[in-house]
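Colleague: Take this structure, written in structure tokens, and hold onto it; I'll ask about it next.
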Amino acid sequence: MRDVRTVAMSRGWLAVVPLALALGACAADPEPAAEPEMESEPAMESEPASMNPRVFFVSPEEGGTYSASTPVTFEFGIENYELSPVPDVVEDPRGGMGHHHLGLDTDCVPEGVVIPRDDPTWVHFGDASATIDMMLEPGEHSFVLQLGDDEHRAQADEGLCARVTIQVEEGI
């Protein structure tokens, strides 16, 4: 009969596996959870996903249903671009800044085109405000939020026009 040492020597590789496991367990970091925590930390989430400017609807919620008997509150957000009132005198539009325009049941205006001022489809926020309450007729309504410069020209950046569609109903 062979003793344990003989078996270990003749099958050396079998002895190495348990020894490596034992040594690995002894030499392991007493806090092995530190690495997975680092991987799951939201460090990347706290950094902006993009430095590209964008506008967005804080409210109303996409696909939301709202009452026709009360005003719908619109609130707009902006990132990586400066929201600024239109100056009294505009010689040249200021770069990197603009103001909101809200379009009702319309599409975004192409880059560089002046967003219509006397059109009831568009609401201008030349004072750099970012909220409005609106009474709406029952039905489905689509809105666009578009950033314009000091001359009310649609801005070039892709993220500077956002859309939301809501349903307005009687009796809710």
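Each chain in the structure tokens gets a letter, A, B, ..., in the order shown, and its residues are numbered from 1; ligands are numbered from 1 in order too.
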List the spatial neighbours of region 53-70 of chain A as a ChimeraX atom specification - criterion: any atom at most 12 Å away, only C-alpha atoms, same-chain residues fewer than 5 positions off excluded.

Modeller: /A:48,75-83,96-102,130-148,155-172

Colleague: By how many Å are CA of Phe125 (chain A) and CA of Gly103 (chain A) apart?

Modeller: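 Interatomic distance here is 11.4 Å.
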
Colleague: Just to confirm, what's the straight-line distance from CA of Val72 (chain A) to CA of Pro120 (chain A) in Å (one decimal)?

Modeller: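 About the pair CA of Val72 (chain A) and CA of Pro120 (chain A): they are 17.4 Å apart.
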
Colleague: To one decimal place in Å, what is the distance between CA of Asp107 (chain A) and CA of Asp92 (chain A)?

Modeller: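 Straight-line distance from CA of Asp107 (chain A) to CA of Asp92 (chain A) works out to 26.4 Å.
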
Colleague: Kindly indicate which residue among A:Ala128, A:Phe74, A:His152, A:Pro110 lies nearest to Val90 (chain A), using only C-alpha atoms for the distances.

Modeller: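 Distance minimum relative to Val90 (chain A) lands on A:His152.
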
Colleague: Check region 45-171 of chain A with DSSP on the backbone and list each residue it calls strand (DSSP E or B), as a compact mmCIF listing (two decimals) with N, CA, C and O atoms, in the first residue's frame.

Modeller:
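Now in selection-v6.txt:
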# COMPACT_ATOMS: atom_id res chain seq x y z
N ARG A 54 -27.94 69.70 -24.40
CA ARG A 54 -29.25 69.12 -24.66
C ARG A 54 -30.31 69.87 -23.88
O ARG A 54 -30.03 70.47 -22.85
N VAL A 55 -31.52 69.85 -24.41
CA VAL A 55 -32.71 70.33 -23.72
C VAL A 55 -33.62 69.13 -23.51
O VAL A 55 -33.54 68.14 -24.24
N PHE A 56 -34.47 69.20 -22.47
CA PHE A 56 -35.35 68.08 -22.18
C PHE A 56 -36.55 68.56 -21.38
O PHE A 56 -36.53 69.64 -20.77
N PHE A 57 -37.59 67.76 -21.39
CA PHE A 57 -38.79 68.03 -20.61
C PHE A 57 -38.61 67.41 -19.23
O PHE A 57 -38.41 66.19 -19.11
N VAL A 58 -38.69 68.23 -18.19
CA VAL A 58 -38.75 67.72 -16.83
C VAL A 58 -40.18 67.23 -16.60
O VAL A 58 -40.41 66.18 -16.02
N SER A 59 -41.14 68.03 -17.07
CA SER A 59 -42.55 67.65 -17.07
C SER A 59 -43.21 68.38 -18.22
O SER A 59 -42.73 69.41 -18.64
N THR A 65 -51.02 61.01 -18.97
CA THR A 65 -52.40 61.42 -19.19
C THR A 65 -52.73 62.52 -18.19
O THR A 65 -52.46 62.37 -16.99
N TYR A 66 -53.31 63.61 -18.68
CA TYR A 66 -53.57 64.79 -17.87
C TYR A 66 -55.02 65.24 -18.04
O TYR A 66 -55.64 64.99 -19.07
N SER A 67 -55.52 65.93 -17.04
CA SER A 67 -56.90 66.40 -17.04
C SER A 67 -57.07 67.64 -17.90
O SER A 67 -56.24 68.56 -17.85
N VAL A 72 -51.78 72.01 -17.45
CA VAL A 72 -50.64 71.08 -17.50
C VAL A 72 -49.39 71.92 -17.29
O VAL A 72 -49.19 72.94 -17.96
N THR A 73 -48.57 71.51 -16.34
CA THR A 73 -47.32 72.23 -16.06
C THR A 73 -46.21 71.69 -16.93
O THR A 73 -45.96 70.48 -16.96
N PHE A 74 -45.57 72.60 -17.65
CA PHE A 74 -44.40 72.27 -18.45
C PHE A 74 -43.18 72.85 -17.75
O PHE A 74 -43.18 74.02 -17.38
N GLU A 75 -42.18 72.01 -17.56
CA GLU A 75 -40.92 72.46 -17.00
C GLU A 75 -39.81 71.91 -17.89
O GLU A 75 -39.82 70.74 -18.26
N PHE A 76 -38.86 72.77 -18.21
CA PHE A 76 -37.80 72.42 -19.15
C PHE A 76 -36.46 72.36 -18.44
O PHE A 76 -36.21 73.11 -17.51
N GLY A 77 -35.60 71.49 -18.94
CA GLY A 77 -34.24 71.39 -18.44
C GLY A 77 -33.25 71.63 -19.56
O GLY A 77 -33.59 71.52 -20.75
N ILE A 78 -32.04 71.97 -19.17
CA ILE A 78 -30.98 72.22 -20.14
C ILE A 78 -29.65 71.79 -19.53
O ILE A 78 -29.44 71.95 -18.33
N GLU A 79 -28.78 71.22 -20.34
CA GLU A 79 -27.45 70.80 -19.89
C GLU A 79 -26.41 71.24 -20.90
O GLU A 79 -26.65 71.21 -22.11
N GLU A 82 -25.83 77.47 -21.93
CA GLU A 82 -26.30 78.51 -21.01
C GLU A 82 -27.66 79.04 -21.43
O GLU A 82 -27.87 79.45 -22.57
N LEU A 83 -28.58 79.01 -20.49
CA LEU A 83 -29.90 79.58 -20.70
C LEU A 83 -29.80 81.06 -20.36
O LEU A 83 -29.36 81.43 -19.29
N MET A 97 -25.24 80.16 -25.87
CA MET A 97 -26.37 80.50 -25.01
C MET A 97 -27.62 80.72 -25.83
O MET A 97 -27.56 81.04 -27.02
N GLY A 98 -28.75 80.52 -25.19
CA GLY A 98 -30.01 80.67 -25.89
C GLY A 98 -31.18 80.61 -24.94
O GLY A 98 -31.00 80.67 -23.72
N HIS A 99 -32.37 80.48 -25.50
CA HIS A 99 -33.59 80.42 -24.70
C HIS A 99 -34.54 79.39 -25.31
O HIS A 99 -34.41 79.01 -26.47
N HIS A 100 -35.51 78.95 -24.48
CA HIS A 100 -36.44 77.90 -24.89
C HIS A 100 -37.55 78.43 -25.80
O HIS A 100 -37.96 79.58 -25.72
N HIS A 101 -38.06 77.51 -26.62
CA HIS A 101 -39.25 77.72 -27.45
C HIS A 101 -40.04 76.42 -27.35
O HIS A 101 -39.48 75.34 -27.48
N LEU A 102 -41.35 76.53 -27.13
CA LEU A 102 -42.22 75.38 -27.03
C LEU A 102 -43.17 75.36 -28.20
O LEU A 102 -43.92 76.32 -28.41
N GLY A 103 -43.14 74.29 -28.97
CA GLY A 103 -44.02 74.15 -30.13
C GLY A 103 -45.11 73.12 -29.85
O GLY A 103 -44.83 72.04 -29.33
N LEU A 104 -46.35 73.47 -30.17
CA LEU A 104 -47.50 72.60 -29.96
C LEU A 104 -47.89 71.92 -31.27
O LEU A 104 -48.14 72.60 -32.28
N VAL A 114 -35.31 80.68 -38.37
CA VAL A 114 -35.92 81.45 -37.29
C VAL A 114 -37.19 80.74 -36.83
O VAL A 114 -38.05 80.38 -37.65
N TRP A 122 -46.19 78.33 -31.47
CA TRP A 122 -44.94 78.46 -30.73
C TRP A 122 -45.07 79.43 -29.57
O TRP A 122 -45.63 80.51 -29.72
N VAL A 123 -44.50 79.05 -28.43
CA VAL A 123 -44.40 79.94 -27.27
C VAL A 123 -42.91 80.23 -27.07
O VAL A 123 -42.09 79.30 -26.98
N HIS A 124 -42.57 81.52 -27.02
CA HIS A 124 -41.18 81.93 -26.84
C HIS A 124 -40.92 82.27 -25.37
O HIS A 124 -41.75 82.88 -24.72
N THR A 131 -40.60 77.40 -17.31
CA THR A 131 -41.85 76.77 -16.90
C THR A 131 -43.03 77.53 -17.50
O THR A 131 -42.95 78.74 -17.76
N ILE A 132 -44.13 76.80 -17.67
CA ILE A 132 -45.38 77.41 -18.10
C ILE A 132 -46.51 76.43 -17.76
O ILE A 132 -46.31 75.22 -17.82
N ASP A 133 -47.66 76.97 -17.38
CA ASP A 133 -48.87 76.18 -17.18
C ASP A 133 -49.78 76.46 -18.36
O ASP A 133 -50.01 77.63 -18.70
N MET A 134 -50.32 75.40 -18.95
CA MET A 134 -51.16 75.55 -20.14
C MET A 134 -52.43 74.74 -20.02
O MET A 134 -52.40 73.57 -19.63
N GLY A 139 -57.46 65.35 -26.05
CA GLY A 139 -56.85 64.70 -27.20
C GLY A 139 -55.37 64.45 -26.97
O GLY A 139 -54.82 64.76 -25.92
N GLU A 140 -54.75 63.87 -27.98
CA GLU A 140 -53.31 63.64 -27.92
C GLU A 140 -52.59 64.88 -28.44
O GLU A 140 -52.99 65.46 -29.44
N HIS A 141 -51.56 65.29 -27.72
CA HIS A 141 -50.78 66.46 -28.12
C HIS A 141 -49.29 66.13 -28.08
O HIS A 141 -48.82 65.49 -27.15
N SER A 142 -48.60 66.58 -29.10
CA SER A 142 -47.14 66.45 -29.15
C SER A 142 -46.54 67.84 -29.00
O SER A 142 -47.06 68.80 -29.56
N PHE A 143 -45.45 67.91 -28.27
CA PHE A 143 -44.76 69.17 -28.05
C PHE A 143 -43.29 69.00 -28.40
O PHE A 143 -42.73 67.92 -28.23
N VAL A 144 -42.70 70.07 -28.90
CA VAL A 144 -41.25 70.10 -29.08
C VAL A 144 -40.71 71.25 -28.25
O VAL A 144 -41.35 72.29 -28.10
N LEU A 145 -39.57 71.02 -27.69
CA LEU A 145 -38.83 72.03 -26.94
C LEU A 145 -37.57 72.29 -27.74
O LEU A 145 -36.79 71.36 -27.98
N GLN A 146 -37.39 73.53 -28.18
CA GLN A 146 -36.26 73.83 -29.05
C GLN A 146 -35.54 75.06 -28.54
O GLN A 146 -36.16 76.04 -28.12
N LEU A 147 -34.22 75.00 -28.57
CA LEU A 147 -33.41 76.12 -28.12
C LEU A 147 -33.10 77.03 -29.30
O LEU A 147 -32.71 76.57 -30.37
N GLY A 148 -33.32 78.32 -29.08
CA GLY A 148 -33.01 79.31 -30.11
C GLY A 148 -31.99 80.30 -29.58
O GLY A 148 -31.87 80.51 -28.37
N ARG A 153 -33.06 81.82 -33.83
CA ARG A 153 -32.69 80.81 -34.82
C ARG A 153 -32.46 79.48 -34.10
O ARG A 153 -31.82 79.43 -33.06
N ALA A 154 -32.98 78.42 -34.69
CA ALA A 154 -32.81 77.09 -34.13
C ALA A 154 -31.32 76.76 -34.07
O ALA A 154 -30.58 76.99 -35.03
N CYS A 161 -33.24 70.00 -29.37
CA CYS A 161 -34.68 69.89 -29.64
C CYS A 161 -35.14 68.57 -29.05
O CYS A 161 -34.55 67.52 -29.32
N ALA A 162 -36.17 68.62 -28.20
CA ALA A 162 -36.71 67.43 -27.55
C ALA A 162 -38.20 67.33 -27.83
O ALA A 162 -38.85 68.33 -28.15
N ARG A 163 -38.74 66.11 -27.71
CA ARG A 163 -40.17 65.89 -27.97
C ARG A 163 -40.82 65.17 -26.79
O ARG A 163 -40.18 64.37 -26.12
N VAL A 164 -42.12 65.44 -26.62
CA VAL A 164 -42.92 64.72 -25.65
C VAL A 164 -44.35 64.66 -26.19
O VAL A 164 -44.80 65.61 -26.83
N THR A 165 -45.01 63.53 -25.97
CA THR A 165 -46.40 63.36 -26.38
C THR A 165 -47.21 63.00 -25.15
O THR A 165 -46.80 62.13 -24.36
N ILE A 166 -48.36 63.69 -24.97
CA ILE A 166 -49.22 63.44 -23.82
C ILE A 166 -50.66 63.28 -24.28
O ILE A 166 -51.01 63.66 -25.40
N GLN A 167 -51.48 62.76 -23.40
CA GLN A 167 -52.91 62.61 -23.65
C GLN A 167 -53.64 63.52 -22.65
O GLN A 167 -53.33 63.51 -21.46
N VAL A 168 -54.61 64.29 -23.14
CA VAL A 168 -55.42 65.16 -22.28
C VAL A 168 -56.84 64.63 -22.37
O VAL A 168 -57.38 64.43 -23.47
N GLU A 169 -57.45 64.38 -21.19
CA GLU A 169 -58.79 63.76 -21.16
C GLU A 169 -59.73 64.54 -20.26
O GLU A 169 -59.32 65.14 -19.27
